[in-house]
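**Student:** Quick one: this structure, given as structure tokens, is what I'll be asking you about.
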Amino acid sequence: MGEILIQNADTVLTMDDDKRILRQTDVLIRDGQIAAIGQGLTTSGEVIRAEGCVVTPGLVNTHHHLYQNLTRAVPGAQDALLFGWLQRLYPIWSRFGPEEMFISAQLGLVELALSGCTLSSDHLYLYPNGARLEDTIHAAAEVGLRFHPTRGAMSIGESKGGLPPDHLVEEEAAILEDMIRVVDGFHDASEGSMCRVGLAPCSPFSVSRELMRDTALLARDKGVMLHTHLAENDEDIAYSEAQFGCRPGQYAEDLGWTGPDVWHAHCVKLNPREIDLFARSRTGVAHCPCSNCRLGSGIAPVRQMRDAGVPVGLGVDGSASNDMANLAGEARQTMLLQRVAQGADAMSAYEALEIATRGGADVLGRPDCGRLSPGKRADLAIWDVTGVASSGSWDPAALLLAGPNQVRHLIVEGRSVVRDGQVTTLDLPRLLEHHHRLALKLAEGG
């Protein structure tokens, strides 16, 4: 692997330990890492001119359901609350198979890449018609993004009081067996890894307490992270209190689902006691502001979480509940919602971008990502701030206030994934045609 020199960037937002913001600066990449940051750097390798550009660490997506890219804006689900939304979509998702999983994951990751994302998690919790987790893993490898897939699961169907139809759930013994298979087959714990696998029972209302507990024990035995949905809306809280006699935070703690190796999606309804629990245990949160708005779930207490010391990253959530996957837009929405809830000084543009980069990397246990400093992974986004979106801005570094929402260049592990706004790693028109054909086939089935 050769060198790449990002030369003479107007601004480099390092998100390093000193929070340096550098002007007219070069970034030298060598062997997948940041080799140097400074002025007057040279290389015998490739040079990318960056005048008129802001360079940031690649954005990090901590929660997604990539398979949902084939079910955007579905009538009957567009205006439904969470539980009704799920009940409308489950029958459609039950017709998916390996091809749908692979193609939807590719398109979702391309969409993320264009929005500046270099590292994405994914929560795949249903496996109809022979689908397997590696369908998404192979898709990510072709796109070229760093990937943290999670082996999700549902085990309680309608006949046992759960939400999913019975034909979409799995036996818990089989779930645990496949979790072992995918971790052993695909998890790479090394620094700079392009794929780490997590374990992720879907939610408290779709799996048993026993599976939650057993999964936590398995994850710690294997040294992998844990992920699930928690405290997403008022219905979620009511279900927990009715079924388990406690709030979601207590449920998570009782079953071993707190700690620095755990991150929960949404957490819109955490109360002060639960926030304190997550802060003390260093339990992470994937904040999904657009999805929370789309489903009417509420505004997560991100300001209180951050002030207490809870690790917080951003997630786009599934494309059936967002319905887009633009991580830069997610960061802007995070900033705006905290201001709506608590005033214009509640969150700066810089802090929201920090959550989208360094914050997300830390939630996923990746201190080698999410910041630009020598020795860290060469995952970075280059944003052109000479266009209409930034025109007249007095602070080009304030990308979330006045800036583009699509990258000019994206580099992952020292390799170009987006160049001059175009994806370089696959044939996008062909992928779009394939994706559209699958979506039409699903729509024709109702």
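In the structure tokens, each chain is lettered A, B, ... as it comes, each chain's residues begin at 1, and ligands are numbered from 1 in order of appearance.
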Write out as a VMD selection string the residues lying within 9 Å of A:Asn8, counting only C-alpha atoms and excluding same-chain residues fewer than 6 positions away.
**Tutor:** chain A and resid 23 to 27 39 to 40 49 to 53
**Student:** Residues at most 9 Å from A:Ile21, counting only C-alpha atoms, excluding those fewer than 6 positions away in the same chain, as a PyMOL selection string?
**Tutor:** chain A and resi 11-15+397
**Student:** I'd like the contact shell of A:Gly403 - 12 Å cut-off, only C-alpha atoms, skipping same-chain residues fewer than 2 positions apart - returned as a compact mmCIF listing (two decimals) with C-alpha atoms, in the first residue's frame.
**Tutor:**
# COMPACT_ATOMS: atom_id res chain seq x y z
CA GLY A 52 -11.07 25.03 -0.45
CA CYS A 53 -11.73 21.89 1.59
CA VAL A 54 -12.29 20.89 5.20
CA SER A 115 -22.39 11.30 3.50
CA ALA A 328 -23.86 14.43 8.22
CA GLY A 329 -27.57 15.23 8.29
CA ARG A 332 -27.00 18.43 12.21
CA ALA A 349 -21.77 22.44 15.61
CA ILE A 382 -12.78 15.70 2.56
CA TRP A 383 -15.54 18.29 2.21
CA ASP A 384 -15.55 20.95 -0.52
CA VAL A 385 -16.62 24.23 1.08
CA THR A 386 -16.39 26.36 -2.08
CA GLY A 387 -19.91 25.55 -3.27
CA VAL A 388 -23.36 27.01 -2.80
CA ALA A 389 -24.01 25.28 0.55
CA SER A 390 -21.04 27.02 2.22
CA SER A 391 -21.10 30.30 0.32
CA GLY A 392 -20.97 33.27 2.70
CA SER A 393 -20.01 31.19 5.73
CA TRP A 394 -17.57 32.96 8.03
CA ASP A 395 -16.50 29.66 9.57
CA PRO A 396 -15.90 26.88 7.02
CA ALA A 397 -15.23 24.50 9.92
CA ALA A 398 -18.87 24.87 11.01
CA LEU A 399 -19.92 22.30 8.43
CA LEU A 400 -23.17 21.46 10.18
CA LEU A 401 -24.37 25.06 10.09
CA ASN A 405 -23.89 17.06 3.13
CA GLN A 406 -21.97 14.95 0.63
CA VAL A 407 -18.22 14.41 0.53
CA ARG A 408 -15.82 15.27 -2.25
**Student:** Could you tell me which of A:Ser208, A:Ser104, A:Ser291, A:Ser94 comes closest to A:Lys160 if we count only C-alpha atoms?
**Tutor:**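 Result for the nearest residue to A:Lys160: A:Ser208.
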**Student:** Write out as a PyMOL selection string each polymer residue whose atoms come within 8 Å of A:Ile355, counting only C-alpha atoms; drop sequence neighbours fewer than 6 positions from it.
**Tutor:** chain A and resi 312-314+331
**Student:** Take the residues from that selection and put them in a file with N, CA, C and O atoms, as a PDB file, in the first residue's frame.
**Tutor:**
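After the write, again.pdb holds the following:
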ATOM      1  N   VAL A 312     -21.628   8.635  23.758  1.00  0.00           N
ATOM      2  CA  VAL A 312     -22.723   8.797  22.804  1.00  0.00           C
ATOM      3  C   VAL A 312     -22.162   8.864  21.388  1.00  0.00           C
ATOM      4  O   VAL A 312     -21.226   9.620  21.121  1.00  0.00           O
ATOM      5  N   GLY A 313     -22.736   8.074  20.495  1.00  0.00           N
ATOM      6  CA  GLY A 313     -22.451   8.158  19.071  1.00  0.00           C
ATOM      7  C   GLY A 313     -23.749   8.365  18.323  1.00  0.00           C
ATOM      8  O   GLY A 313     -24.833   8.422  18.911  1.00  0.00           O
ATOM      9  N   LEU A 314     -23.647   8.465  17.002  1.00  0.00           N
ATOM     10  CA  LEU A 314     -24.829   8.681  16.180  1.00  0.00           C
ATOM     11  C   LEU A 314     -25.152   7.454  15.349  1.00  0.00           C
ATOM     12  O   LEU A 314     -24.273   6.686  14.965  1.00  0.00           O
ATOM     13  N   ALA A 331     -25.991  14.349  12.205  1.00  0.00           N
ATOM     14  CA  ALA A 331     -25.247  15.189  13.143  1.00  0.00           C
ATOM     15  C   ALA A 331     -25.896  16.568  13.279  1.00  0.00           C
ATOM     16  O   ALA A 331     -26.018  17.111  14.387  1.00  0.00           O
TER      17      ALA A 331
END
**Student:** Quick one: residues within 6 Å of A:Cys202, only C-alpha atoms counted, chain neighbours fewer than 6 positions away excluded, as a list in words?
**Tutor:** Tyr125, Gly152, Ala153, Met154 and Thr228 of chain A
**Student:** Restricting the output to C-alpha atoms, write the selected residues as a PDB file, in the first residue's frame.
**Tutor:**
ATOM      1  CA  TYR A 125     -31.977  -9.497  13.501  1.00  0.00           C
ATOM      2  CA  GLY A 152     -29.188  -9.986  15.912  1.00  0.00           C
ATOM      3  CA  ALA A 153     -32.040 -12.312  16.802  1.00  0.00           C
ATOM      4  CA  MET A 154     -35.742 -12.626  17.567  1.00  0.00           C
ATOM      5  CA  THR A 228     -29.746  -3.951  21.343  1.00  0.00           C
TER       6      THR A 228
END
**Student:** How many Å separate atom CA of A:Thr334 from atom CA of A:Gly298?
**Tutor:**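 Interatomic distance, atom CA of A:Thr334 to atom CA of A:Gly298: 12.3 Å.
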**Student:** For stretch 143-177 of chain A versus stretch 422-428 of chain A, which residues have an atom no more than 12 Å away, and what is each residue's nearest atom pair and distance in Å rounded to one decimal, using only C-alpha atoms, chain-then-number order, as a Markdown table?
**Tutor:**
| residue | atom | partner | partner_atom | distance |
| --- | --- | --- | --- | --- |
| A:Val143 | CA | A:Thr425 | CA | 5.7 |
| A:Gly144 | CA | A:Thr425 | CA | 6.9 |
| A:Leu145 | CA | A:Thr425 | CA | 10.0 |
**Student:** Kindly save the residues from that selection, with N, CA and C atoms included, as a PDB file, in the first residue's frame.
**Tutor:**
ATOM      1  N   VAL A 143     -17.787  -2.756  -0.936  1.00  0.00           N
ATOM      2  CA  VAL A 143     -17.909  -1.299  -0.905  1.00  0.00           C
ATOM      3  C   VAL A 143     -16.634  -0.662  -0.370  1.00  0.00           C
ATOM      4  N   GLY A 144     -16.012  -1.303   0.639  1.00  0.00           N
ATOM      5  CA  GLY A 144     -14.758  -0.794   1.184  1.00  0.00           C
ATOM      6  C   GLY A 144     -14.887  -0.028   2.474  1.00  0.00           C
ATOM      7  N   LEU A 145     -16.064  -0.067   3.122  1.00  0.00           N
ATOM      8  CA  LEU A 145     -16.206   0.597   4.423  1.00  0.00           C
ATOM      9  C   LEU A 145     -15.772  -0.334   5.537  1.00  0.00           C
TER      10      LEU A 145
END
**Student:** Which residue is closest to A:Val285? Choose from A:Val268, A:Leu211, A:Cys369, A:Leu124 and count only C-alpha atoms.
**Tutor:**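 Counting only C-alpha atoms, the residue closest to A:Val285 is A:Val268.
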**Student:** Measuring between only C-alpha atoms, which one of A:Thr136, A:Gly249, A:Ser193, A:Asp261 shows the shortest distance to A:Lys222?
**Tutor:**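 Ranked by minimum distance to A:Lys222, first place goes to A:Asp261.
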**Student:** Kindly give the distance, in Å, that separates atom CA of A:His148 and atom CA of A:Leu119, rounded to a single decimal.
**Tutor:**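 Atom CA of A:His148 sits 7.6 Å away from atom CA of A:Leu119.
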**Student:** Give me the residues within 9 Å of A:Glu99 as a ChimeraX atom specification, counting only C-alpha atoms and dropping any in the same chain fewer than 2 places off.
**Tutor:** /A:96-97,101-104,131,135,438
**Student:** Check stretch 127-315 of chain A with DSSP on the backbone and list each residue it calls alpha helix (DSSP H), as JSON, numbers by chain.
**Tutor:** {"A": [134, 135, 136, 137, 138, 139, 140, 141, 142, 143, 172, 173, 174, 175, 176, 177, 178, 179, 180, 181, 182, 183, 184, 185, 186, 209, 210, 211, 212, 213, 214, 215, 216, 217, 218, 219, 220, 221, 222, 234, 235, 236, 237, 238, 239, 240, 241, 242, 243, 244, 248, 249, 250, 251, 252, 253, 254, 272, 273, 274, 275, 276, 277, 278, 279, 280, 281, 289, 290, 291, 292, 293, 294, 302, 303, 304, 305, 306, 307, 308]}
